[in-house]
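Have a look at the structure below before the remarks.
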Amino acid sequence: MIADVAFDAPVAHPFSYRVPDGWTLAPGQRVVAGLRGAQRTGMVVALREGADATLKPLLRLADAGPVLSPAQLELVRWISAESLSSVGSTCAALLPPPLGDAGGVSGGARRPPRAASAPKPELFVGAGRERRAFERIEGATGTVLVVAPDVETSARWAQRLAKLDRVVRLDSGVGDAARAAAWPALAAGAARLATGTRSALLAPLVPPAQLVLLDEHEAAHKPPGHPRIHAREVLLERTAREGAALLLTSATPSVETWWRADSGRIALAPAPPAAWPAVALADTRGILRREPLTPSLARAIRETLAAKRRVFLAISRLTSSLACDDCGTVVGCEECRLALAYSRAGATLACRLCGRARPLPDTCPSCRGRRLSPFGWGAERVEHAVRRRFPDARIARYDPEATRGARAGAQREAAAAADVVVGTRGALRLFGPASLGLAGFVSPDQFLRMPDFRAGERALAFLWAAAERVGAAGQVIIQSQHPSHYAFDAVARQDLAGFYKHELKFRAELGYPPFRRLAFVTARGRTPAETAALAERASAALAAASELTVYPPLPDRRERMRRIVVKGRADLPRRLEGALASFRESGAPRRGIIDVEVDPLEWPF
């Protein structure tokens, strides 16, 4: 027999090996084989009869039996095709590690999927969504898999579910042996409940299965590394294939998910309106030049501290666009309607999508005012201002995304004990529901000014998450040069539908997701000249493909890479693969690396 084995490597094809006599082997089982002078673990994707003495033999079994059924292998191939990742890399990322010597994972889900069609996925929004999800799990009769955006949330849900039955975990918060043992336990039905992160997406489940995706809008569901695909898309595909039930929860669903609900493909199950804090909008046009706090926000801080309640002041580390201090207009690209990225060194504005650059304008395009500036307040400046006004308060800065190690721990401890916390969105993890007396947004316009079509969606998520952490007797104060923006209005009115109505109209008019798909094609060479040449050739190959809109290659700030933005329809991955295959086969010199990310969430410019 000859085995075709896929490895965790950026190659699309498997490698062929001779199966030693007497071995019992099946597709979906992992083996150890020699590859380029090293012993590597790979996935058997096919077996065929044949004899070829020139082929290397497989060295040993990594698992006692198959870890993937034929249906699961087909799902892996779909994930690989959608994300333009190799099958081997997909398996390496989404399976528990083998323990070696055939003592590793076994027990792939051999039961055939249910013949019945899958029920319509459900989306829980609003107050009590996690409680409602728990009640759904409590009433489930089959296996339940809860997929969380991070290890901390997975562990928290494992503790909650332990009240119902035995729970196994499939995330990096437990050891390799525990993850490996959980796989056959689920396949055999010995464990009914499981929690995990993205690495749990292929876990074997006994029908009737229930899958739950927590906080589906979180970018953590699509972490760096292959396969670059959102957990939501994998679970939607899996439930459609297997007939399983899928439940999604979110405070502020992604625009893609709301669009599916709006079109009837996902059942929206909202909760009654929850108790909501008073939301006030402070118009900052023409003010806040020397002081980050408006009189209304300063007064609210004083009243909240007097009531012995905590204050969170939200800031952003990013200031990258130009705005008018008089009317609040953000200078944007007329073609793409994205905020133009501001370069202080180059004294230019540039669109990070179409590449058009322009010198800094002398006047505002809306009001003709002459006060244009890269407005923004960093954490240090805000902290200094608050200390000056409230010297007796305990004040701390917390930016978990920017600190690591012992310093991060010390910063977290100080913030946990502080009366006033100045921080980014990550700092919200310090606070439970209704634990704040006041959330003040010093300059949320910075979120809207980012050169990213998802800017409004991200702003809404931050604002809404903060409002949920403020008690009904508390306040949310939003200082903005755009007090009428529909994201702010949605929070003030507690009206999600109003936000998505505006956002979907904007996306439809400009051809952004979910109406078109996007991809980043990145070229890297050894030198800036090689990078530029490689990017130009790749761009020409992509432009020659039909049904693709290809934007000019754009360099990063250090000229280390050039990124090509590509728009397409639902079949974008297939057309990209075809265009890049033609590029590889063209024979043109192409020193360097070409990398592709389909459906990117983070705008990297």
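Chain labels follow the order of the structure tokens: the first chain is A, the next B, and so on; residue numbering restarts at 1 in every chain, and ligands are counted from 1 in their shown order.
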Checklist entry - Could you write out, as a PyMOL selection string, all the residues of segment 336-430 of chain A that DSSP marks as helix (DSSP H, G or I)? => result chain A and resi 379-389+405-416+425-430
Checklist entry - Which residue out of A:Arg129, A:Lys56, A:Arg241, A:Arg160 has the minimum interatomic distance to Gln72 of chain A when only C-alpha atoms are used? => result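 Looking only at the distances to Gln72 of chain A, the closest residue turns out to be A:Arg241.
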Item to check | For Asp171 of chain A, the nearest of the candidates A:Val147, A:Ala508, A:Ala6, A:Ala339, counting only C-alpha atoms | outcome: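 When distances to Asp171 of chain A are compared using only C-alpha atoms, the smallest one comes from A:Val147.
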Checklist entry - Using only C-alpha atoms, which residue out of A:Ala306, A:Ser254, A:Pro555, A:Pro295 lies closest to Gly456 of chain A? => result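 Using only C-alpha atoms, Gly456 of chain A sits closest to A:Ser254.
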Write out as JSON lines a residue-level contact list of segment 1-99 of chain A versus segment 563-578 of chain A with cut-off 12 Å: for each qualifying residue the closest pair of atoms and the distance in Å to one decimal, counting only C-alpha atoms, rows sorted by chain and residue number upward.
{"residue": "A:Ala12", "atom": "CA", "partner": "A:Glu577", "partner_atom": "CA", "distance": 10.6}
{"residue": "A:Trp78", "atom": "CA", "partner": "A:Pro573", "partner_atom": "CA", "distance": 10.9}
{"residue": "A:Ile79", "atom": "CA", "partner": "A:Pro573", "partner_atom": "CA", "distance": 10.8}
{"residue": "A:Ser80", "atom": "CA", "partner": "A:Pro573", "partner_atom": "CA", "distance": 9.9}
{"residue": "A:Ala81", "atom": "CA", "partner": "A:Pro573", "partner_atom": "CA", "distance": 6.9}
{"residue": "A:Glu82", "atom": "CA", "partner": "A:Pro573", "partner_atom": "CA", "distance": 5.7}
{"residue": "A:Ser83", "atom": "CA", "partner": "A:Pro573", "partner_atom": "CA", "distance": 7.1}
{"residue": "A:Leu84", "atom": "CA", "partner": "A:Pro573", "partner_atom": "CA", "distance": 6.7}
{"residue": "A:Ser85", "atom": "CA", "partner": "A:Pro573", "partner_atom": "CA", "distance": 10.4}
{"residue": "A:Ser86", "atom": "CA", "partner": "A:Glu577", "partner_atom": "CA", "distance": 12.0}
Checklist entry - Hey, what's within 6 Å of segment 325-333 of chain A if we count only C-alpha atoms and toss same-chain stuff fewer than 3 positions away? As a ChimeraX atom specification, please? => result /A:285-286,322,336-340,371,481
